[in-house]
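Text of the file input-v3.txt, holding compact mmCIF, N, CA and C atoms:
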# COMPACT_ATOMS: atom_id res chain seq x y z
N MET A 12 0.83 -1.17 0.00
CA MET A 12 0.00 0.00 0.00
C MET A 12 0.88 1.25 0.00
N MET A 13 0.45 2.26 -0.71
CA MET A 13 1.25 3.47 -0.86
C MET A 13 0.99 4.44 0.29
N GLU A 14 2.08 5.02 0.81
CA GLU A 14 1.94 5.99 1.90
C GLU A 14 1.52 7.34 1.35
N ARG A 15 0.82 8.10 2.21
CA ARG A 15 0.42 9.46 1.82
C ARG A 15 1.63 10.38 1.90
N PHE A 16 1.63 11.42 1.06
CA PHE A 16 2.73 12.38 1.06
C PHE A 16 2.67 13.22 2.32
N ASN A 17 3.77 13.30 3.05
CA ASN A 17 3.85 14.04 4.29
C ASN A 17 4.71 15.28 4.05
N VAL A 18 4.09 16.47 4.04
CA VAL A 18 4.78 17.72 3.76
C VAL A 18 5.81 18.02 4.85
N SER A 19 5.47 17.77 6.07
CA SER A 19 6.40 18.05 7.17
C SER A 19 7.67 17.23 7.05
N ARG A 20 7.51 15.94 6.75
CA ARG A 20 8.69 15.07 6.60
C ARG A 20 9.54 15.54 5.43
N TRP A 21 8.88 15.93 4.32
CA TRP A 21 9.62 16.41 3.16
C TRP A 21 10.38 17.69 3.51
N ALA A 22 9.74 18.63 4.26
CA ALA A 22 10.39 19.90 4.62
C ALA A 22 11.59 19.67 5.51
N VAL A 23 11.49 18.73 6.44
CA VAL A 23 12.62 18.42 7.32
C VAL A 23 13.75 17.79 6.52
N GLY A 24 13.42 17.06 5.52
CA GLY A 24 14.44 16.41 4.70
C GLY A 24 15.09 17.32 3.68
N HIS A 25 14.49 18.47 3.38
CA HIS A 25 15.04 19.40 2.38
C HIS A 25 15.10 20.83 2.96
N PRO A 26 15.93 21.05 3.97
CA PRO A 26 15.94 22.37 4.62
C PRO A 26 16.44 23.50 3.71
N ALA A 27 17.36 23.23 2.83
CA ALA A 27 17.89 24.28 1.95
C ALA A 27 16.81 24.75 0.98
N LEU A 28 16.05 23.82 0.43
CA LEU A 28 14.99 24.18 -0.51
C LEU A 28 13.86 24.93 0.19
N VAL A 29 13.51 24.52 1.39
CA VAL A 29 12.46 25.21 2.16
C VAL A 29 12.90 26.62 2.50
N SER A 30 14.17 26.80 2.90
CA SER A 30 14.68 28.14 3.22
C SER A 30 14.67 29.03 1.98
N PHE A 31 15.04 28.45 0.82
CA PHE A 31 15.02 29.22 -0.43
C PHE A 31 13.59 29.66 -0.78
N MET A 32 12.61 28.75 -0.63
CA MET A 32 11.22 29.10 -0.94
C MET A 32 10.70 30.17 0.03
N MET A 33 11.08 30.07 1.30
CA MET A 33 10.66 31.10 2.26
C MET A 33 11.25 32.46 1.91
N ALA A 34 12.52 32.49 1.50
CA ALA A 34 13.15 33.75 1.11
C ALA A 34 12.47 34.33 -0.13
N CYS A 35 12.13 33.47 -1.08
CA CYS A 35 11.43 33.94 -2.29
C CYS A 35 10.05 34.51 -1.96
N LEU A 36 9.32 33.81 -1.10
CA LEU A 36 8.01 34.32 -0.70
C LEU A 36 8.12 35.64 0.06
N PHE A 37 9.12 35.76 0.91
CA PHE A 37 9.34 37.00 1.64
C PHE A 37 9.64 38.15 0.68
N LEU A 38 10.51 37.91 -0.28
CA LEU A 38 10.85 38.96 -1.25
C LEU A 38 9.63 39.32 -2.13
N ALA A 39 8.87 38.32 -2.54
CA ALA A 39 7.68 38.59 -3.35
C ALA A 39 6.65 39.39 -2.55
N GLY A 40 6.49 39.06 -1.27
CA GLY A 40 5.58 39.82 -0.42
C GLY A 40 6.02 41.26 -0.24
N GLY A 41 7.32 41.48 -0.04
CA GLY A 41 7.85 42.84 0.08
C GLY A 41 7.66 43.63 -1.20
N TYR A 42 7.93 42.98 -2.34
CA TYR A 42 7.71 43.64 -3.63
C TYR A 42 6.24 44.02 -3.80
N GLY A 43 5.35 43.09 -3.49
CA GLY A 43 3.92 43.37 -3.62
C GLY A 43 3.47 44.49 -2.69
N PHE A 44 4.00 44.50 -1.48
CA PHE A 44 3.62 45.55 -0.53
C PHE A 44 4.06 46.93 -1.00
N PHE A 45 5.29 47.04 -1.49
CA PHE A 45 5.79 48.35 -1.89
C PHE A 45 5.26 48.81 -3.25
N HIS A 46 4.60 47.94 -3.98
CA HIS A 46 4.01 48.33 -5.26
C HIS A 46 2.49 48.34 -5.23
N LEU A 47 1.90 48.40 -4.04
CA LEU A 47 0.45 48.54 -3.92
C LEU A 47 0.02 49.92 -4.38
N GLY A 48 -1.22 50.04 -4.78
CA GLY A 48 -1.75 51.36 -5.13
C GLY A 48 -1.75 52.29 -3.93
N ARG A 49 -1.57 53.56 -4.17
CA ARG A 49 -1.44 54.52 -3.07
C ARG A 49 -2.75 55.20 -2.69
N ALA A 50 -3.82 54.94 -3.39
CA ALA A 50 -5.12 55.49 -3.01
C ALA A 50 -5.71 54.55 -1.97
N GLU A 51 -5.35 54.77 -0.70
CA GLU A 51 -5.75 53.85 0.35
C GLU A 51 -7.25 53.74 0.49
N ASP A 52 -7.93 54.86 0.51
CA ASP A 52 -9.37 54.87 0.70
C ASP A 52 -10.07 55.11 -0.63
N PRO A 53 -10.98 54.26 -1.00
CA PRO A 53 -11.69 54.48 -2.26
C PRO A 53 -12.58 55.71 -2.17
N ALA A 54 -12.81 56.31 -3.31
CA ALA A 54 -13.64 57.51 -3.34
C ALA A 54 -15.12 57.11 -3.33
N PHE A 55 -15.80 57.44 -2.28
CA PHE A 55 -17.24 57.24 -2.21
C PHE A 55 -17.82 58.35 -1.36
N THR A 56 -19.07 58.63 -1.58
CA THR A 56 -19.73 59.74 -0.91
C THR A 56 -20.78 59.21 0.05
N LEU A 57 -20.63 59.57 1.30
CA LEU A 57 -21.65 59.23 2.29
C LEU A 57 -22.67 60.36 2.32
N LYS A 58 -23.91 60.00 2.35
CA LYS A 58 -24.97 60.99 2.27
C LYS A 58 -25.64 61.20 3.61
N ASN A 59 -24.82 61.39 4.63
CA ASN A 59 -25.38 61.75 5.93
C ASN A 59 -24.47 62.74 6.63
N MET A 60 -25.10 63.52 7.50
CA MET A 60 -24.41 64.57 8.25
C MET A 60 -24.91 64.50 9.68
N VAL A 61 -24.05 64.86 10.60
CA VAL A 61 -24.42 64.92 12.01
C VAL A 61 -24.35 66.38 12.45
N VAL A 62 -25.47 66.87 12.97
CA VAL A 62 -25.53 68.23 13.52
C VAL A 62 -25.72 68.09 15.02
N SER A 63 -24.80 68.66 15.76
CA SER A 63 -24.92 68.59 17.22
C SER A 63 -25.13 69.99 17.78
N ALA A 64 -25.91 70.06 18.84
CA ALA A 64 -26.20 71.33 19.51
C ALA A 64 -25.85 71.18 20.99
N GLN A 65 -25.19 72.18 21.52
CA GLN A 65 -24.82 72.19 22.94
C GLN A 65 -25.45 73.42 23.60
N TRP A 66 -26.04 73.21 24.76
CA TRP A 66 -26.62 74.32 25.52
C TRP A 66 -26.49 73.94 26.99
N SER A 67 -25.47 74.45 27.62
CA SER A 67 -25.20 74.04 29.00
C SER A 67 -26.31 74.51 29.93
N GLY A 68 -26.69 73.61 30.82
CA GLY A 68 -27.73 73.89 31.80
C GLY A 68 -29.13 73.53 31.35
N ALA A 69 -29.31 73.15 30.11
CA ALA A 69 -30.65 72.84 29.61
C ALA A 69 -30.99 71.38 29.88
N SER A 70 -32.26 71.13 30.13
CA SER A 70 -32.72 69.76 30.31
C SER A 70 -32.96 69.14 28.93
N ALA A 71 -33.17 67.84 28.92
CA ALA A 71 -33.45 67.16 27.65
C ALA A 71 -34.74 67.67 27.02
N GLN A 72 -35.74 67.97 27.87
CA GLN A 72 -37.01 68.47 27.35
C GLN A 72 -36.83 69.86 26.74
N GLN A 73 -36.04 70.72 27.38
CA GLN A 73 -35.78 72.04 26.81
C GLN A 73 -35.03 71.92 25.49
N MET A 74 -34.06 71.00 25.43
CA MET A 74 -33.33 70.80 24.18
C MET A 74 -34.27 70.35 23.07
N GLN A 75 -35.21 69.47 23.40
CA GLN A 75 -36.15 68.99 22.40
C GLN A 75 -37.08 70.09 21.91
N GLN A 76 -37.65 70.85 22.84
CA GLN A 76 -38.65 71.85 22.47
C GLN A 76 -38.04 73.10 21.86
N GLN A 77 -36.94 73.59 22.42
CA GLN A 77 -36.42 74.89 22.01
C GLN A 77 -35.30 74.81 20.98
N VAL A 78 -34.67 73.66 20.84
CA VAL A 78 -33.55 73.55 19.89
C VAL A 78 -33.87 72.54 18.79
N ALA A 79 -34.14 71.30 19.17
CA ALA A 79 -34.32 70.25 18.17
C ALA A 79 -35.54 70.50 17.28
N ALA A 80 -36.64 70.93 17.87
CA ALA A 80 -37.84 71.18 17.08
C ALA A 80 -37.61 72.30 16.05
N VAL A 81 -36.96 73.37 16.48
CA VAL A 81 -36.67 74.48 15.57
C VAL A 81 -35.69 74.03 14.49
N LEU A 82 -34.69 73.29 14.89
CA LEU A 82 -33.69 72.80 13.95
C LEU A 82 -34.31 71.89 12.89
N GLU A 83 -35.12 70.94 13.33
CA GLU A 83 -35.76 70.03 12.38
C GLU A 83 -36.72 70.76 11.45
N GLN A 84 -37.46 71.70 11.99
CA GLN A 84 -38.41 72.45 11.16
C GLN A 84 -37.68 73.20 10.05
N ARG A 85 -36.56 73.83 10.39
CA ARG A 85 -35.81 74.59 9.39
C ARG A 85 -35.14 73.67 8.37
N LEU A 86 -34.64 72.53 8.83
CA LEU A 86 -33.95 71.63 7.91
C LEU A 86 -34.90 70.93 6.95
N ARG A 87 -36.16 70.80 7.30
CA ARG A 87 -37.12 70.15 6.40
C ARG A 87 -37.35 70.96 5.12
N ASP A 88 -36.89 72.21 5.10
CA ASP A 88 -37.00 73.03 3.89
C ASP A 88 -36.04 72.57 2.79
N VAL A 89 -34.99 71.86 3.15
CA VAL A 89 -34.05 71.36 2.16
C VAL A 89 -34.66 70.11 1.54
N GLU A 90 -35.02 70.19 0.27
CA GLU A 90 -35.80 69.11 -0.33
C GLU A 90 -34.99 67.85 -0.61
N ALA A 91 -33.68 67.91 -0.56
CA ALA A 91 -32.87 66.72 -0.81
C ALA A 91 -32.79 65.81 0.41
N ILE A 92 -33.26 66.29 1.56
CA ILE A 92 -33.18 65.50 2.79
C ILE A 92 -34.28 64.44 2.79
N ASP A 93 -33.87 63.21 3.03
CA ASP A 93 -34.81 62.09 3.09
C ASP A 93 -35.38 61.96 4.50
N SER A 94 -34.52 61.93 5.50
CA SER A 94 -35.02 61.77 6.87
C SER A 94 -34.08 62.43 7.87
N LEU A 95 -34.65 62.74 9.02
CA LEU A 95 -33.92 63.31 10.14
C LEU A 95 -34.13 62.40 11.35
N SER A 96 -33.10 62.22 12.11
CA SER A 96 -33.19 61.42 13.32
C SER A 96 -32.52 62.21 14.44
N THR A 97 -33.29 62.53 15.49
CA THR A 97 -32.79 63.38 16.57
C THR A 97 -32.94 62.68 17.90
N TYR A 98 -31.92 62.83 18.73
CA TYR A 98 -32.06 62.42 20.13
C TYR A 98 -31.47 63.51 21.00
N CYS A 99 -32.09 63.71 22.15
CA CYS A 99 -31.70 64.78 23.06
C CYS A 99 -31.39 64.21 24.43
N VAL A 100 -30.39 64.77 25.05
CA VAL A 100 -30.06 64.51 26.45
C VAL A 100 -29.83 65.86 27.10
N ALA A 101 -29.60 65.87 28.39
CA ALA A 101 -29.37 67.13 29.08
C ALA A 101 -28.17 67.85 28.47
N ALA A 102 -28.37 69.08 28.10
CA ALA A 102 -27.35 69.99 27.58
C ALA A 102 -26.90 69.73 26.15
N SER A 103 -27.45 68.72 25.49
CA SER A 103 -27.05 68.52 24.09
C SER A 103 -28.10 67.71 23.33
N CYS A 104 -28.07 67.88 22.03
CA CYS A 104 -28.88 67.04 21.15
C CYS A 104 -28.11 66.82 19.85
N VAL A 105 -28.40 65.69 19.22
CA VAL A 105 -27.73 65.31 17.99
C VAL A 105 -28.79 64.97 16.96
N THR A 106 -28.65 65.56 15.78
CA THR A 106 -29.56 65.29 14.67
C THR A 106 -28.75 64.68 13.53
N GLN A 107 -29.18 63.52 13.07
CA GLN A 107 -28.56 62.91 11.91
C GLN A 107 -29.42 63.22 10.69
N ILE A 108 -28.77 63.69 9.65
CA ILE A 108 -29.46 64.05 8.42
C ILE A 108 -29.08 63.03 7.36
N PHE A 109 -30.09 62.46 6.72
CA PHE A 109 -29.87 61.48 5.66
C PHE A 109 -30.44 62.02 4.36
N LEU A 110 -29.64 62.02 3.31
CA LEU A 110 -30.11 62.46 2.00
C LEU A 110 -30.79 61.32 1.27
N ARG A 111 -31.59 61.69 0.28
CA ARG A 111 -32.23 60.68 -0.56
C ARG A 111 -31.17 59.90 -1.32
N ASP A 112 -31.46 58.65 -1.60
CA ASP A 112 -30.49 57.80 -2.29
C ASP A 112 -30.24 58.23 -3.73
N ASP A 113 -31.21 58.90 -4.34
CA ASP A 113 -31.06 59.27 -5.75
C ASP A 113 -30.29 60.57 -5.95
N GLU A 114 -29.78 61.19 -4.89
CA GLU A 114 -28.98 62.41 -5.05
C GLU A 114 -27.62 62.04 -5.64
N ARG A 115 -27.20 62.79 -6.65
CA ARG A 115 -25.91 62.53 -7.28
C ARG A 115 -24.79 62.99 -6.36
N LYS A 116 -23.66 62.29 -6.42
CA LYS A 116 -22.57 62.62 -5.52
C LYS A 116 -21.97 64.01 -5.80
N GLU A 117 -22.14 64.52 -7.02
CA GLU A 117 -21.65 65.86 -7.32
C GLU A 117 -22.47 66.93 -6.61
N CYS A 118 -23.71 66.63 -6.29
CA CYS A 118 -24.60 67.59 -5.64
C CYS A 118 -24.47 67.59 -4.12
N VAL A 119 -23.88 66.57 -3.54
CA VAL A 119 -23.84 66.44 -2.09
C VAL A 119 -23.12 67.61 -1.41
N PRO A 120 -21.94 68.05 -1.88
CA PRO A 120 -21.31 69.21 -1.22
C PRO A 120 -22.17 70.48 -1.27
N VAL A 121 -22.90 70.67 -2.35
CA VAL A 121 -23.78 71.84 -2.46
C VAL A 121 -24.92 71.73 -1.45
N ILE A 122 -25.46 70.54 -1.29
CA ILE A 122 -26.55 70.35 -0.32
C ILE A 122 -26.04 70.58 1.09
N TRP A 123 -24.85 70.07 1.40
CA TRP A 123 -24.30 70.29 2.75
C TRP A 123 -24.05 71.78 2.99
N GLN A 124 -23.67 72.51 1.96
CA GLN A 124 -23.50 73.96 2.12
C GLN A 124 -24.85 74.63 2.39
N GLN A 125 -25.91 74.16 1.73
CA GLN A 125 -27.25 74.68 2.01
C GLN A 125 -27.64 74.43 3.47
N VAL A 126 -27.33 73.23 3.95
CA VAL A 126 -27.64 72.90 5.35
C VAL A 126 -26.85 73.81 6.28
N ARG A 127 -25.58 74.02 5.99
CA ARG A 127 -24.77 74.92 6.84
C ARG A 127 -25.31 76.34 6.81
N ASN A 128 -25.77 76.79 5.65
CA ASN A 128 -26.37 78.13 5.56
C ASN A 128 -27.64 78.21 6.41
N LYS A 129 -28.45 77.16 6.36
CA LYS A 129 -29.66 77.13 7.19
C LYS A 129 -29.29 77.18 8.67
N LEU A 130 -28.25 76.46 9.04
CA LEU A 130 -27.82 76.44 10.44
C LEU A 130 -27.32 77.82 10.88
N SER A 131 -26.59 78.51 10.02
CA SER A 131 -26.10 79.83 10.40
C SER A 131 -27.24 80.85 10.47
N ASP A 132 -28.27 80.68 9.63
CA ASP A 132 -29.43 81.56 9.69
C ASP A 132 -30.32 81.27 10.89
N LEU A 133 -30.12 80.14 11.51
CA LEU A 133 -30.95 79.69 12.61
C LEU A 133 -30.63 80.38 13.93
N GLY A 134 -29.47 81.02 14.03
CA GLY A 134 -29.00 81.64 15.27
C GLY A 134 -30.01 82.48 16.01
N PRO A 135 -30.70 83.43 15.38
CA PRO A 135 -31.66 84.26 16.10
C PRO A 135 -32.88 83.51 16.64
N ASP A 136 -33.20 82.37 16.05
CA ASP A 136 -34.37 81.60 16.48
C ASP A 136 -34.08 80.68 17.66
N LEU A 137 -32.81 80.53 18.00
CA LEU A 137 -32.43 79.64 19.09
C LEU A 137 -32.16 80.46 20.36
N PRO A 138 -32.29 79.84 21.52
CA PRO A 138 -31.96 80.54 22.77
C PRO A 138 -30.48 80.93 22.80
N SER A 139 -30.16 81.96 23.55
CA SER A 139 -28.76 82.38 23.61
C SER A 139 -27.93 81.34 24.35
N GLY A 140 -26.73 81.12 23.86
CA GLY A 140 -25.84 80.13 24.45
C GLY A 140 -25.85 78.80 23.75
N VAL A 141 -26.68 78.63 22.73
CA VAL A 141 -26.72 77.37 21.99
C VAL A 141 -25.62 77.40 20.93
N ALA A 142 -24.81 76.35 20.91
CA ALA A 142 -23.74 76.23 19.91
C ALA A 142 -24.06 75.06 18.99
N LEU A 143 -24.02 75.31 17.69
CA LEU A 143 -24.30 74.27 16.69
C LEU A 143 -23.00 73.88 15.99
N ALA A 144 -22.89 72.62 15.66
CA ALA A 144 -21.74 72.12 14.89
C ALA A 144 -22.23 71.08 13.90
N ALA A 145 -21.75 71.17 12.67
CA ALA A 145 -22.13 70.22 11.61
C ALA A 145 -20.90 69.43 11.18
N ASN A 146 -21.08 68.13 11.01
CA ASN A 146 -19.97 67.26 10.61
C ASN A 146 -20.43 66.35 9.48
N ASP A 147 -19.79 66.50 8.32
CA ASP A 147 -20.07 65.61 7.20
C ASP A 147 -18.80 64.96 6.68
N ASP A 148 -17.71 65.08 7.41
CA ASP A 148 -16.42 64.55 6.97
C ASP A 148 -16.23 63.15 7.54
N TYR A 149 -16.53 62.17 6.72
CA TYR A 149 -16.36 60.78 7.10
C TYR A 149 -15.35 60.11 6.19
N ALA A 150 -14.29 60.82 5.85
CA ALA A 150 -13.32 60.31 4.88
C ALA A 150 -12.60 59.06 5.37
N ASP A 151 -12.49 58.86 6.67
CA ASP A 151 -11.73 57.74 7.18
C ASP A 151 -12.59 56.53 7.51
N VAL A 152 -13.85 56.57 7.15
CA VAL A 152 -14.76 55.48 7.50
C VAL A 152 -14.34 54.18 6.84
N TYR A 153 -13.96 54.21 5.57
CA TYR A 153 -13.60 52.98 4.87
C TYR A 153 -12.43 52.30 5.56
N GLY A 154 -11.43 53.06 5.96
CA GLY A 154 -10.29 52.48 6.65
C GLY A 154 -10.68 51.79 7.94
N TYR A 155 -11.60 52.39 8.69
CA TYR A 155 -12.07 51.77 9.93
C TYR A 155 -12.84 50.49 9.65
N VAL A 156 -13.72 50.55 8.67
CA VAL A 156 -14.51 49.36 8.33
C VAL A 156 -13.58 48.23 7.85
N PHE A 157 -12.61 48.58 7.03
CA PHE A 157 -11.66 47.58 6.53
C PHE A 157 -10.87 46.99 7.70
N ALA A 158 -10.43 47.83 8.62
CA ALA A 158 -9.64 47.34 9.76
C ALA A 158 -10.48 46.43 10.65
N LEU A 159 -11.77 46.72 10.80
CA LEU A 159 -12.62 45.89 11.64
C LEU A 159 -12.96 44.56 11.00
N THR A 160 -12.96 44.50 9.68
CA THR A 160 -13.26 43.23 9.03
C THR A 160 -11.98 42.44 8.85

Step by step, read the file and then write its structure as structure tokens.
Amino acid sequence: MMERFNVSRWAVGHPALVSFMMACLFLAGGYGFFHLGRAEDPAFTLKNMVVSAQWSGASAQQMQQQVAAVLEQRLRDVEAIDSLSTYCVAASCVTQIFLRDDERKECVPVIWQQVRNKLSDLGPDLPSGVALAANDDYADVYGYVFALT
């Protein structure tokens, strides 16, 4: 009866050849690594923005009634917005803005500028001491997702 091929026994019996193959694989891996494409993150457009509001000393109910409600009402004027999601806690609230899926990626920066303009025009309608911040820069998301997978 014929014995099965044993890779371990073969490797122990041919150490010079195994060392040569390991060196070749190491060099090929180094060559491949240094000749990878340099565009680490692919170009894609995320169609959501986070608007946060801070108002020290305010309760969650005050944030909802005096800040979030006004903010949502004003943002609903932007017709490219698909949905808004807001949650409030004491002294702060966060609104996530989601654009419609059919918006072209070339239009997204213009829409975010419209949202920022609405936010800057909103100042007189909000209580004094409320600070708004808008964030649509998610350029590093792909790297995080890739690292987690």

Inset, instruction - Run DSSP on the backbone and grab whatever in segment 113-146 of chain A lands in helix (DSSP H, G or I); send it over as a PyMOL selection string. - result: chain A and resi 119-132+134-136

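The residue set within 12 Å of Arg87 of chain A, counting only C-alpha atoms and dropping same-chain residues fewer than 2 places from it, reads Ala80, Val81, Leu82, Glu83, Gln84, Arg85, Val89, Glu90, Ala91, Ile92, Asp93, Ser94, Leu95, Ser96, Ile108, Phe109, Leu110, Gln125, Val126, Lys129 and Leu130 of chain A.
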
Legend entry - Atomic distance atom C of Cys99 of chain A - atom CA of Ala79 of chain A, expressed in Å with one decimal: 9.2 Å

Inset, instruction - Identify which of the residues A:Ala64, A:Gln75, A:Thr56, A:Ala27 lies closest to Ala144 of chain A, counting all atoms listed in the file when measuring atom-to-atom distances. - result: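 Under the stated criterion, the closest residue is A:Ala64.
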
Inset, instruction - Looking only at strand (DSSP E or B) from DSSP on the backbone, list the matching residues of chain A as a list in words. - result: Asn59, Met60, Val61, Val62, Ser63, Ala64, Gln65, Ile92, Asp93, Ser94, Leu95, Ser96, Thr97, Tyr98, Cys99, Val100, Ser103, Cys104, Val105, Thr106, Gln107, Ile108, Phe109, Leu110, Ala142, Leu143, Ala144, Ala145 and Asn146 of chain A

Inset, instruction - Extract, using only C-alpha atoms, all DNA, RNA and protein residues at most 9 Å from Asp147 of chain A, discarding same-chain residues fewer than 5 positions from it, and format them as a list of chain:residue names. - result: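 Residues meeting the cut-off are A:Leu57, A:Lys58, A:Asn59, A:Met60, A:Val61, A:Val62, A:Trp123.
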
Let me have the centre and edge lengths in Å, one decimal, of the box along x, y and z around every listed atom of segment 81-93 of chain A with 8 Å of margin on each side, as JSON.
{"center_x": -35.6, "center_y": 68.3, "center_z": 7.8, "size_x": 21.6, "size_y": 28.6, "size_z": 33.3}

Legend entry - Answer as a ChimeraX atom specification, residues within 8 Å of (-28.3, 75.2, 21.3) using only N, CA and C atoms: /A:63-67,74,77-79,102-104,137-143

Inset, instruction - Would you work out the distance separating atom N of Phe31 of chain A from atom C of Asn17 of chain A, expressed in Å to one decimal? - result: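 These two atoms are separated by 17.0 Å.
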
Inset, instruction - Work out how far atom C of Ser70 of chain A is from atom C of Asn146 of chain A, in Å to one decimal. - result: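 Taking atom C of Asn146 of chain A as the start and atom C of Ser70 of chain A as the end point, the length is 23.3 Å.
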